[in-house]
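**Student:** See protein_9.cif below, with mmCIF, C-alpha atoms.
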```cif
data_start
#
loop_
_atom_site.label_atom_id
_atom_site.label_comp_id
_atom_site.auth_asym_id
_atom_site.auth_seq_id
_atom_site.Cartn_x
_atom_site.Cartn_y
_atom_site.Cartn_z
CA MET A 263 61.69 98.68 117.01
CA ALA A 264 64.08 99.60 114.20
CA ARG A 265 64.31 96.98 111.49
CA PHE A 266 67.07 94.48 110.83
CA ASN A 267 67.97 92.20 107.94
CA THR A 268 66.79 88.61 108.02
CA ILE A 269 67.96 85.58 106.05
CA ASP A 270 65.25 86.37 103.51
CA ASP A 271 66.91 89.74 102.80
CA MET A 272 70.41 88.33 102.28
CA ASP A 273 72.28 87.07 99.22
CA LEU A 274 73.88 83.87 100.53
CA ASP A 275 74.33 81.85 97.35
CA GLY A 276 77.75 80.20 97.35
CA LYS A 277 78.81 82.03 100.52
CA VAL A 278 80.20 80.68 103.77
CA VAL A 279 77.81 82.02 106.42
CA LEU A 280 79.17 82.45 109.93
CA THR A 281 76.13 81.54 112.03
CA ARG A 282 76.04 82.37 115.75
CA VAL A 283 73.87 79.83 117.54
CA ASP A 284 73.11 78.87 121.13
CA VAL A 285 73.80 75.18 121.70
CA ASN A 286 74.81 75.58 125.35
CA VAL A 287 72.88 72.47 126.35
CA PRO A 288 73.04 70.24 129.44
CA VAL A 289 75.53 67.39 129.07
CA GLU A 290 76.09 64.44 131.39
CA GLY A 291 78.76 61.81 130.81
CA GLY A 292 79.58 63.32 127.43
CA ARG A 293 75.96 63.03 126.21
CA VAL A 294 73.38 65.76 125.62
CA THR A 295 70.45 65.29 128.02
CA ASP A 296 68.18 68.00 126.58
CA ALA A 297 68.58 68.89 122.90
CA THR A 298 65.88 71.59 122.82
CA ARG A 299 68.27 74.44 122.02
CA ILE A 300 69.95 72.38 119.32
CA GLU A 301 66.60 71.56 117.72
CA LYS A 302 65.63 75.24 117.69
CA ILE A 303 68.54 76.18 115.37
CA VAL A 304 67.49 73.72 112.65
CA PRO A 305 65.17 76.15 110.76
CA THR A 306 67.98 78.70 110.50
CA VAL A 307 70.54 76.17 109.24
CA LYS A 308 68.07 74.82 106.68
CA ALA A 309 67.08 78.34 105.57
CA ILE A 310 70.73 79.26 104.95
CA GLN A 311 71.23 76.06 102.96
CA GLY A 312 68.02 76.78 101.07
CA LYS A 313 69.50 80.07 99.88
CA GLY A 314 72.69 78.36 98.72
CA GLY A 315 74.76 79.29 101.77
CA ILE A 316 77.10 77.04 103.73
CA PRO A 317 76.55 77.41 107.50
CA VAL A 318 79.60 77.56 109.75
CA LEU A 319 78.32 77.43 113.32
CA LEU A 320 79.82 79.61 116.05
CA ALA A 321 78.84 78.90 119.64
CA HIS A 322 79.97 78.98 123.24
CA PHE A 323 79.71 76.22 125.81
CA ASP A 324 79.81 76.89 129.54
CA ARG A 325 82.40 79.34 130.94
CA PRO A 326 85.99 78.30 130.16
CA LYS A 327 87.17 81.89 130.78
CA GLY A 328 89.36 82.23 127.71
CA LYS A 329 91.17 78.90 128.08
CA ARG A 330 90.81 75.50 126.45
CA VAL A 331 88.92 73.15 128.78
CA ASP A 332 88.41 69.69 127.31
CA GLU A 333 85.20 69.11 129.26
CA MET A 334 83.73 72.20 127.57
CA SER A 335 84.52 71.21 123.99
CA LEU A 336 81.65 71.50 121.54
CA GLN A 337 82.70 68.20 120.00
CA GLN A 338 80.55 66.39 122.57
CA ILE A 339 77.35 67.87 121.12
CA LEU A 340 78.09 66.67 117.57
CA PRO A 341 75.95 63.50 117.72
CA ALA A 342 72.91 65.47 118.94
CA LEU A 343 73.52 68.18 116.33
CA GLU A 344 73.80 65.64 113.52
CA GLN A 345 70.61 63.92 114.68
CA ALA A 346 68.71 67.21 114.77
CA LEU A 347 69.92 68.30 111.32
CA GLY A 348 69.64 64.84 109.78
CA GLN A 349 73.11 65.04 108.22
CA PRO A 350 76.81 64.74 109.09
CA VAL A 351 78.42 67.85 110.59
CA ALA A 352 82.12 68.59 110.21
CA PHE A 353 84.04 69.80 113.26
CA ALA A 354 87.09 72.05 113.56
CA ASP A 355 89.20 71.80 116.70
CA GLU A 356 89.67 75.58 116.61
CA ALA A 357 87.49 78.64 116.11
CA ILE A 358 90.29 80.53 114.32
CA GLY A 359 93.65 79.47 112.93
CA GLY A 360 94.87 76.79 110.58
CA ASP A 361 92.45 74.00 111.49
CA ALA A 362 89.48 76.34 111.15
CA LYS A 363 90.69 77.69 107.79
CA ARG A 364 91.29 74.20 106.40
CA ALA A 365 87.89 72.98 107.59
CA VAL A 366 86.17 75.93 105.91
CA ALA A 367 88.16 75.45 102.69
CA ALA A 368 87.00 71.83 102.48
CA LEU A 369 83.29 72.72 102.63
CA LYS A 370 80.93 72.01 99.74
CA PRO A 371 77.34 73.16 99.17
CA GLY A 372 75.04 71.32 101.58
CA ASP A 373 77.73 70.92 104.25
CA VAL A 374 77.63 72.20 107.82
CA LEU A 375 80.68 72.95 109.97
CA LEU A 376 80.83 73.48 113.73
CA LEU A 377 83.79 75.44 115.07
CA GLU A 378 85.21 74.90 118.55
CA ASN A 379 83.97 76.82 121.60
CA THR A 380 84.50 80.55 120.94
CA ARG A 381 85.00 81.14 124.67
CA PHE A 382 88.24 79.15 124.56
CA TYR A 383 89.69 82.47 123.32
CA PRO A 384 89.95 85.55 125.58
CA GLY A 385 89.22 87.71 122.53
CA GLU A 386 85.64 86.41 122.41
CA GLU A 387 84.38 87.95 125.65
CA GLU A 388 86.69 90.96 125.27
CA ASN A 389 85.20 91.59 121.80
CA ASP A 390 88.78 91.98 120.64
CA GLN A 391 89.11 93.45 117.14
CA THR A 392 91.90 91.09 116.08
CA PHE A 393 89.99 88.01 117.18
CA THR A 394 86.79 89.29 115.54
CA ALA A 395 88.65 89.95 112.30
CA SER A 396 90.10 86.42 112.38
CA LEU A 397 86.58 85.00 112.68
CA ALA A 398 85.27 87.29 109.93
CA ALA A 399 88.02 86.11 107.56
CA LEU A 400 86.47 82.64 107.56
CA GLY A 401 83.24 83.67 105.80
CA GLN A 402 81.42 86.14 103.58
CA ALA A 403 78.24 86.74 105.61
CA TYR A 404 77.04 86.62 109.22
CA VAL A 405 73.76 85.42 110.72
CA ASN A 406 73.00 85.79 114.42
CA ASP A 407 70.48 83.26 115.71
CA ALA A 408 71.43 83.47 119.40
CA PHE A 409 69.12 86.00 121.06
CA SER A 410 70.08 84.39 124.37
CA ALA A 411 73.61 85.79 123.93
CA ALA A 412 72.52 89.13 122.47
CA HIS A 413 72.92 90.96 125.80
CA ARG A 414 76.67 90.26 125.64
CA ALA A 415 78.92 92.46 123.51
CA HIS A 416 81.12 89.53 122.49
CA ALA A 417 83.00 89.04 119.24
CA SER A 418 80.71 86.33 117.87
CA SER A 419 77.47 87.97 119.05
CA GLU A 420 78.17 91.66 118.35
CA GLY A 421 81.55 92.30 116.74
CA LEU A 422 80.97 90.29 113.57
CA ALA A 423 77.79 92.20 112.71
CA ARG A 424 79.89 95.35 112.39
CA LEU A 425 82.34 93.74 109.93
CA MET A 426 80.17 91.66 107.61
CA PRO A 427 76.84 91.66 105.74
CA SER A 428 74.57 90.56 108.59
CA GLY A 429 71.09 89.39 109.44
CA ALA A 430 68.96 87.65 112.04
CA GLY A 431 68.36 83.92 111.97
CA LYS A 432 64.87 82.44 112.14
CA LEU A 433 64.89 82.01 115.93
CA MET A 434 66.29 85.49 116.54
CA GLU A 435 63.72 86.96 114.14
CA ALA A 436 60.85 85.17 115.90
CA GLU A 437 62.10 86.26 119.32
CA LEU A 438 62.46 89.92 118.35
CA ASN A 439 59.07 90.00 116.64
CA ALA A 440 57.40 88.39 119.66
CA LEU A 441 58.98 90.79 122.12
CA ASP A 442 58.13 93.78 119.97
CA ALA A 443 54.53 92.54 119.90
CA ALA A 444 54.58 92.29 123.70
CA LEU A 445 56.24 95.57 124.67
CA GLY A 446 57.15 97.57 121.57
CA THR A 447 53.88 97.92 119.66
CA PRO A 448 51.46 95.68 121.60
CA GLU A 449 47.74 95.23 121.24
CA ARG A 450 46.29 96.96 124.30
CA PRO A 451 45.45 96.67 127.09
CA VAL A 452 48.65 94.93 128.24
CA VAL A 453 49.08 92.95 131.46
CA ALA A 454 52.43 91.81 132.85
CA ILE A 455 52.97 89.19 135.51
CA VAL A 456 56.20 89.59 137.45
CA GLY A 457 57.04 87.03 140.10
CA GLY A 458 60.12 85.83 141.86
CA ALA A 459 61.77 86.08 145.22
CA LYS A 460 63.13 89.60 145.50
CA VAL A 461 62.14 93.13 144.49
CA SER A 462 65.82 94.12 144.52
CA THR A 463 66.63 91.83 141.58
CA LYS A 464 63.79 93.20 139.43
CA LEU A 465 63.83 96.92 140.17
CA ASP A 466 64.79 97.86 136.61
CA LEU A 467 62.12 95.53 135.27
CA LEU A 468 59.35 96.95 137.45
CA SER A 469 60.41 100.52 136.74
CA ASN A 470 60.27 99.93 132.99
CA LEU A 471 57.02 97.98 132.98
CA ILE A 472 54.93 100.49 134.90
CA SER A 473 55.45 102.92 132.01
CA LYS A 474 54.67 100.28 129.37
CA VAL A 475 51.75 98.16 130.61
CA ASP A 476 48.20 98.82 131.77
CA HIS A 477 48.12 96.16 134.48
CA LEU A 478 50.97 94.70 136.54
CA VAL A 479 50.40 91.54 138.60
CA ILE A 480 53.07 91.04 141.27
CA GLY A 481 53.53 87.58 142.73
CA GLY A 482 56.00 85.34 144.49
CA GLY A 483 58.17 86.48 147.36
CA MET A 484 58.36 90.00 145.96
CA ALA A 485 54.61 90.43 146.54
CA ASN A 486 55.30 89.99 150.26
CA THR A 487 57.59 93.01 150.18
CA PHE A 488 54.77 95.09 148.66
CA LEU A 489 52.39 93.85 151.35
CA VAL A 490 54.90 94.89 154.04
CA ALA A 491 55.15 98.30 152.34
CA GLN A 492 51.42 98.67 152.90
CA GLY A 493 51.75 97.88 156.60
CA ILE A 494 50.61 94.26 156.31
CA GLU A 495 52.33 91.66 158.49
CA VAL A 496 53.58 88.60 156.60
CA GLY A 497 54.86 86.43 159.46
CA LYS A 498 57.94 84.38 158.57
CA SER A 499 57.48 84.94 154.83
CA LEU A 500 60.35 85.88 152.58
CA ALA A 501 60.25 89.67 152.35
CA GLU A 502 62.80 92.46 151.82
CA ARG A 503 61.69 94.79 154.57
CA ASP A 504 64.48 97.23 153.72
CA MET A 505 62.89 97.64 150.27
CA ALA A 506 59.54 98.87 151.63
CA ASP A 507 60.23 102.50 150.69
CA THR A 508 61.18 101.41 147.17
CA ALA A 509 58.00 99.36 146.88
CA ARG A 510 55.90 102.35 147.97
CA GLU A 511 57.68 104.51 145.38
CA ILE A 512 56.87 101.98 142.65
CA LEU A 513 53.22 101.92 143.71
CA SER A 514 53.08 105.71 143.61
CA ARG A 515 54.81 105.95 140.22
CA ALA A 516 52.51 103.30 138.75
CA GLN A 517 49.49 105.35 139.77
CA GLY A 518 50.97 108.35 137.99
CA GLU A 519 51.63 106.28 134.85
CA GLY A 520 48.10 104.87 134.74
CA CYS A 521 49.30 101.36 135.51
CA THR A 522 47.16 99.33 137.93
CA ILE A 523 49.22 97.11 140.23
CA HIS A 524 47.54 93.93 141.47
CA LEU A 525 48.77 92.27 144.67
CA PRO A 526 47.46 89.05 146.28
CA VAL A 527 44.12 89.41 148.06
CA ASP A 528 44.38 85.95 149.60
CA VAL A 529 47.37 83.69 150.16
CA VAL A 530 48.31 80.10 150.88
CA ILE A 531 50.27 79.74 154.11
CA ALA A 532 52.19 76.95 155.80
CA ARG A 533 54.41 76.51 158.83
CA GLU A 534 57.15 74.74 156.88
CA PHE A 535 58.53 74.96 153.37
CA ALA A 536 58.17 71.35 152.31
CA ALA A 537 56.25 69.33 149.75
CA ASN A 538 52.67 68.68 150.83
CA ALA A 539 53.15 70.58 154.09
CA PRO A 540 49.82 71.30 155.83
CA SER A 541 48.53 74.56 154.37
CA GLU A 542 45.53 76.85 154.45
CA VAL A 543 44.13 79.85 152.59
CA VAL A 544 43.80 83.14 154.48
CA PRO A 545 43.25 86.78 153.49
CA ALA A 546 46.48 88.49 152.46
CA ASN A 547 46.39 90.60 155.62
CA ALA A 548 45.91 87.66 157.97
CA CYS A 549 49.15 85.67 157.85
CA PRO A 550 49.91 84.37 161.37
CA ALA A 551 53.24 85.32 162.92
CA ASP A 552 54.47 81.71 162.85
CA ALA A 553 53.51 81.03 159.21
CA MET A 554 54.87 81.89 155.80
CA ILE A 555 53.16 82.84 152.53
CA LEU A 556 54.05 80.30 149.83
CA ASP A 557 51.47 80.93 147.10
CA ALA A 558 48.66 83.19 145.96
CA GLY A 559 45.14 82.05 146.85
CA PRO A 560 42.12 81.17 144.69
CA GLN A 561 40.52 84.63 145.01
CA THR A 562 43.73 86.14 143.67
CA VAL A 563 43.67 83.72 140.73
CA ALA A 564 40.05 84.70 140.04
CA LYS A 565 41.14 88.35 140.06
CA ILE A 566 43.96 87.54 137.61
CA ARG A 567 41.48 85.77 135.33
CA GLU A 568 39.35 88.91 135.40
CA VAL A 569 42.36 91.07 134.47
CA PHE A 570 43.28 88.71 131.62
CA GLY A 571 39.73 89.08 130.33
CA GLN A 572 40.23 92.85 130.05
CA CYS A 573 43.52 92.59 128.16
CA ARG A 574 44.79 91.68 124.70
CA THR A 575 48.48 91.08 125.49
CA LEU A 576 50.20 89.23 128.35
CA ILE A 577 53.90 89.22 129.16
CA TRP A 578 54.99 86.91 131.98
CA ASN A 579 58.22 86.64 133.95
CA GLY A 580 58.30 84.75 137.23
CA PRO A 581 55.96 82.40 139.12
CA LEU A 582 53.20 83.44 141.53
CA GLY A 583 54.40 81.14 144.31
CA ALA A 584 56.85 78.41 145.29
CA PHE A 585 55.91 76.44 142.17
CA GLU A 586 58.70 73.88 142.60
CA ILE A 587 56.79 72.01 145.30
CA GLU A 588 53.14 71.03 145.68
CA PRO A 589 50.67 72.36 146.60
CA PHE A 590 52.33 75.77 146.22
CA ASP A 591 52.30 75.57 142.43
CA ALA A 592 48.50 75.88 142.30
CA ALA A 593 48.18 79.62 141.56
CA THR A 594 50.87 79.63 138.86
CA THR A 595 49.35 76.56 137.22
CA ALA A 596 45.80 77.91 137.36
CA ALA A 597 46.77 81.32 135.94
CA ALA A 598 48.86 79.65 133.24
CA LYS A 599 45.94 77.48 132.18
CA VAL A 600 43.68 80.53 131.93
CA ALA A 601 46.26 82.31 129.75
CA ALA A 602 46.64 79.22 127.56
CA GLU A 603 42.87 78.85 127.18
CA MET A 604 42.48 82.50 126.15
CA THR A 605 45.44 82.25 123.77
CA ARG A 606 43.96 79.20 122.06
CA ALA A 607 40.69 81.10 121.70
CA GLY A 608 42.49 84.01 120.02
CA GLN A 609 41.61 86.36 122.88
CA LEU A 610 45.15 86.91 124.17
CA ILE A 611 48.68 87.28 122.82
CA SER A 612 50.87 85.60 125.44
CA VAL A 613 54.64 85.94 125.68
CA ALA A 614 56.64 84.43 128.53
CA GLY A 615 60.27 83.99 129.41
CA GLY A 616 62.83 83.31 132.10
CA GLY A 617 64.06 79.98 133.43
CA ASP A 618 61.58 79.60 136.31
CA THR A 619 58.72 80.78 134.13
CA VAL A 620 59.45 78.28 131.37
CA ALA A 621 59.80 75.50 133.96
CA ALA A 622 56.50 76.47 135.56
CA LEU A 623 54.64 76.58 132.24
CA ASN A 624 56.11 73.23 131.24
CA LYS A 625 55.04 71.79 134.60
CA ALA A 626 51.53 73.14 134.01
CA GLY A 627 51.54 71.48 130.58
CA VAL A 628 50.64 74.67 128.72
CA ALA A 629 53.94 75.90 127.26
CA GLY A 630 52.88 74.85 123.77
CA ASP A 631 49.73 76.96 123.97
CA PHE A 632 51.44 80.31 124.58
CA THR A 633 52.02 82.59 121.61
CA PHE A 634 55.75 82.64 122.28
CA ILE A 635 58.05 81.36 125.00
CA SER A 636 61.57 82.71 125.24
CA THR A 637 64.31 80.49 126.60
CA ALA A 638 66.80 83.34 126.52
CA GLY A 639 67.03 84.03 130.25
CA GLY A 640 69.21 87.09 130.84
CA ALA A 641 68.62 88.60 127.40
CA PHE A 642 64.85 88.30 127.82
CA LEU A 643 64.99 89.99 131.23
CA GLU A 644 67.21 92.83 129.97
CA TRP A 645 64.83 93.40 127.05
CA MET A 646 61.93 93.65 129.49
CA GLU A 647 64.00 96.11 131.51
CA GLY A 648 64.18 98.35 128.45
CA LYS A 649 67.93 97.95 127.99
CA ASP A 650 69.68 97.96 124.63
CA LEU A 651 71.04 94.54 123.70
CA PRO A 652 74.42 94.84 121.94
CA GLY A 653 73.81 91.87 119.62
CA VAL A 654 70.46 93.30 118.48
CA ALA A 655 71.77 96.87 118.20
CA ALA A 656 74.58 95.63 115.94
CA LEU A 657 72.11 93.90 113.61
CA ILE A 658 69.98 97.05 113.43
CA ALA A 659 73.08 99.18 112.74
CA SER A 660 74.14 96.84 109.93
CA LYS A 661 70.77 97.39 108.22
CA ARG A 662 71.50 101.09 107.78
#
```
Here is a file; write its structure as structure tokens.

**Tutor:**
Amino acid sequence: MARFNTIDDMDLDGKVVLTRVDVNVPVEGGRVTDATRIEKIVPTVKAIQGKGGIPVLLAHFDRPKGKRVDEMSLQQILPALEQALGQPVAFADEAIGGDAKRAVAALKPGDVLLLENTRFYPGEEENDQTFTASLAALGQAYVNDAFSAAHRAHASSEGLARLMPSGAGKLMEAELNALDAALGTPERPVVAIVGGAKVSTKLDLLSNLISKVDHLVIGGGMANTFLVAQGIEVGKSLAERDMADTAREILSRAQGEGCTIHLPVDVVIAREFAANAPSEVVPANACPADAMILDAGPQTVAKIREVFGQCRTLIWNGPLGAFEIEPFDAATTAAAKVAAEMTRAGQLISVAGGGDTVAALNKAGVAGDFTFISTAGGAFLEWMEGKDLPGVAALIASKR
């Protein structure tokens, strides 16, 4: 991956630093219920202050569609932000305009300012030049710490990097380095786990991975589609039968690329999709007509453990079964614990991302043992698909 500036490369002393962060956190009754994303921006804010800069935070909240929506004001996250940073945080009721200018003018070294929701302005999502220039006029440097918004060519996530001295924040830097280690210049062999419900939603991902990894483990509902493509009956299981030709094409292409695809060899079946429903393990080709496949079986997990043992790098997106309800979380949990054990032992570099994946690893109690876990969602998936991310491309361009 081409290089980009980081905070360490930038002269920030005495400068107002426009800092794009992701603090789009869950809020109930005006209170933040999970401050994880807020806590993750602390190293970047402190690093900017450590270099003499004054951070002015730019962020979106929810989807107000270019209009002011009081319930989507960033003011409601101030208490959680102040607690995370351990200091008072000033707030401007605008992102541009008189209030924003006055708030910036009042800043002193050591201060932090949060501007109002950038998505209250149509120019944000349109990446409008006038709006971007109005934001840029508030500061002298730009730091992007929101990888999760880097797949959007918005004013605060892409446009500013083209107008100002720019660099990546600590979280963005860690994310890009981790993903480069997983897919850009990985230690080989590389294994990817791709799970989820539908092949159709991950076609780009599968197509990119078979040219990048040595082993590809397919799980979840999408594995059923691959079984159907091989002429295996899957009963009432979720499967995209109209995608069978596509699945066969992927299998053929993988063979040509030297990528070994691993499908379930045994499965956990049940007659109903409910917690603790009666279940049994059968060979993958022996699902009864009145049953549905809800998880991979223990022989499949043993096979995955064997594959992990042959590899140096793991990248994971999507669960192996219906992990939300027991006992159909067993395969995902077991494989996750193997990956965590090997990571702790220094035998595996493990990178995971995607909402369901993060939830599954947290449920398994091993999220802290992985080398890196991305909470970026769409941006993580698009990176795995091999797509250019506008926010990253702008940072790389600004380095030149």

**Student:** Write out as a list of chain:residue names the residues lying within 9 Å of segment 346-354 of chain A, counting all atoms listed in the file and excluding same-chain residues fewer than 3 positions away.

**Tutor:**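 The residues satisfying every condition are A:Ala297, A:Ile300, A:Glu301, A:Ile303, A:Val304, A:Val307, A:Lys308, A:Leu336, A:Gln337, A:Leu340, A:Pro341, A:Ala342, A:Leu343, A:Ala357, A:Asp361, A:Ala362, A:Lys363, A:Arg364, A:Ala365, A:Val366, A:Leu369, A:Asp373, A:Val374, A:Leu375, A:Leu376, A:Leu377, A:Glu378.
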
**Student:** Report as number ranges by chain the residues that result from applying the PyMOL selection byres ((chain A and resi 503-514) around 9) to the structure here.

**Tutor:** A: 461-462, 465, 468-469, 472, 487-492, 501-502, 515-519, 522-523

**Student:** Within 9 Å of (50.5, 80.3, 134.4), all atoms listed in the file: residues as a ChimeraX atom specification?

**Tutor:** /A:578,581-582,593-602,619,622-623,626,628

**Student:** Considering only C-alpha atoms, give me a table of residues in segment 521-601 of chain A that are at most 9 Å from segment 428-447 of chain A, with the closest atom pair and distance in Å for each, as a tab-separated table.

**Tutor:**
```
residue	atom	partner	partner_atom	distance
A:Thr575	CA	A:Ala444	CA	6.5
A:Leu576	CA	A:Ala444	CA	7.1
A:Ile577	CA	A:Ala444	CA	6.3
```

**Student:** Record the distance separating atom CA of Asp650 of chain A and atom CA of Asn379 of chain A, expressed in Å with one decimal.

**Tutor:**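 Pair atom CA of Asp650 of chain A / atom CA of Asn379 of chain A returns 25.7 Å.
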
**Student:** Could you work out how far atom CA of Val527 of chain A lies from atom CA of Val544 of chain A, giving the answer in Å with one decimal?

**Tutor:**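 Answer for the atom CA of Val544 of chain A to atom CA of Val527 of chain A separation: 9.0 Å.
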
**Student:** Write out as a PyMOL selection string the residues lying within 8 Å of Phe382 of chain A, counting all atoms listed in the file and excluding same-chain residues fewer than 6 positions away.

**Tutor:** chain A and resi 326-331

**Student:** Once the PyMOL selection byres ((chain A and resi 425) around 9) has been evaluated on this model, what residues remain selected, and can you format them as a PyMOL selection string?

**Tutor:** chain A and resi 394-395+398+404+421-424+426-428+660

**Student:** Between A:Gln345, A:Asn486, A:Thr281, A:Thr605, which one has atoms that come closest to Asp557 of chain A, using all atoms listed in the file?

**Tutor:**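 The closest residue to Asp557 of chain A is A:Asn486.
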
**Student:** Need to verify the contact set: segment 473-484 of chain A, 6 Å, only C-alpha atoms, exclusion of same-chain residues closer than 2 positions in sequence. Can you return it as a list in words?

**Tutor:** Pro451, Val452, Val453, Ala454, Ile455, Val456, Gly457, Gly458, Ala459, Lys460, Val461, Asn470, Leu471, Asn486, Thr487, Leu500, Glu519, Cys521, Thr522, Ile523, His524, Leu525, Leu582 and Gly583 of chain A

**Student:** Can you tell me which residues surround Asp552 of chain A at a distance of at most 7 Å, considering all atoms listed in the file, apart from same-chain residues fewer than 5 positions away, and format the answer as a tab-separated table (two decimals) with C-alpha atoms, in the coordinates of the input?

**Tutor:**
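Ended up saving to part26.tsv:
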```
chain	number	residue	atom	x	y	z
A	497	GLY	CA	54.86	86.43	159.46
A	498	LYS	CA	57.94	84.38	158.57
A	533	ARG	CA	54.41	76.51	158.83
```

**Student:** For a test of reading the model, state the distance in Å between atom CA of Gly276 of chain A and atom CA of Gln391 of chain A, rounded to one decimal.

**Tutor:**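 Calculated distance between atom CA of Gly276 of chain A and atom CA of Gln391 of chain A is 26.4 Å.
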
**Student:** Spell out the residues picked by the PyMOL selection byres ((chain A and resi 609) around 9) here, as a short mmCIF file (atom, residue, chain, number, x, y, z; two decimals) with C-alpha atoms, in the coordinates of the input.

**Tutor:**
```
data_model
loop_
_atom_site.label_atom_id
_atom_site.label_comp_id
_atom_site.auth_asym_id
_atom_site.auth_seq_id
_atom_site.Cartn_x
_atom_site.Cartn_y
_atom_site.Cartn_z
CA GLY A 571 39.73 89.08 130.33
CA CYS A 573 43.52 92.59 128.16
CA ARG A 574 44.79 91.68 124.70
CA THR A 575 48.48 91.08 125.49
CA GLU A 603 42.87 78.85 127.18
CA MET A 604 42.48 82.50 126.15
CA THR A 605 45.44 82.25 123.77
CA ARG A 606 43.96 79.20 122.06
CA ALA A 607 40.69 81.10 121.70
CA GLY A 608 42.49 84.01 120.02
CA LEU A 610 45.15 86.91 124.17
CA ILE A 611 48.68 87.28 122.82
#
```

**Student:** With only C-alpha atoms as the atoms that count, which of A:Ala641, A:Leu397, A:Val278, A:Ala411 lies nearest to Gln311 of chain A?

**Tutor:** A:Val278

**Student:** So which residues touch Ala553 of chain A within 10 Å, counting only C-alpha atoms, skipping near sequence neighbours fewer than 4 positions away, as a short mmCIF file (atom, residue, chain, number, x, y, z; two decimals) with C-alpha atoms, in the frame of the given file?

**Tutor:**
```cif
data_model
loop_
_atom_site.label_atom_id
_atom_site.label_comp_id
_atom_site.auth_asym_id
_atom_site.auth_seq_id
_atom_site.Cartn_x
_atom_site.Cartn_y
_atom_site.Cartn_z
CA VAL A 496 53.58 88.60 156.60
CA GLY A 497 54.86 86.43 159.46
CA LYS A 498 57.94 84.38 158.57
CA SER A 499 57.48 84.94 154.83
CA VAL A 530 48.31 80.10 150.88
CA ILE A 531 50.27 79.74 154.11
CA ALA A 532 52.19 76.95 155.80
CA ARG A 533 54.41 76.51 158.83
CA GLU A 534 57.15 74.74 156.88
CA PHE A 535 58.53 74.96 153.37
CA SER A 541 48.53 74.56 154.37
CA CYS A 549 49.15 85.67 157.85
#
```

**Student:** Using all atoms listed in the file, find the one residue out of A:Leu274, A:Ala485, A:Val569, A:Ala408 that sits nearest to Val529 of chain A.

**Tutor:** A:Ala485

**Student:** Would you mind telling me which residue in A:Ser612, A:Asp591, A:Arg414, A:Ala551 lies nearest to Glu644 of chain A when using only C-alpha atoms?

**Tutor:** A:Arg414

**Student:** Given the choices A:Gly401, A:Pro545, A:Pro384, A:Asn267, which gets closest to Ala367 of chain A if the distance is worked out from only C-alpha atoms?

**Tutor:** A:Gly401
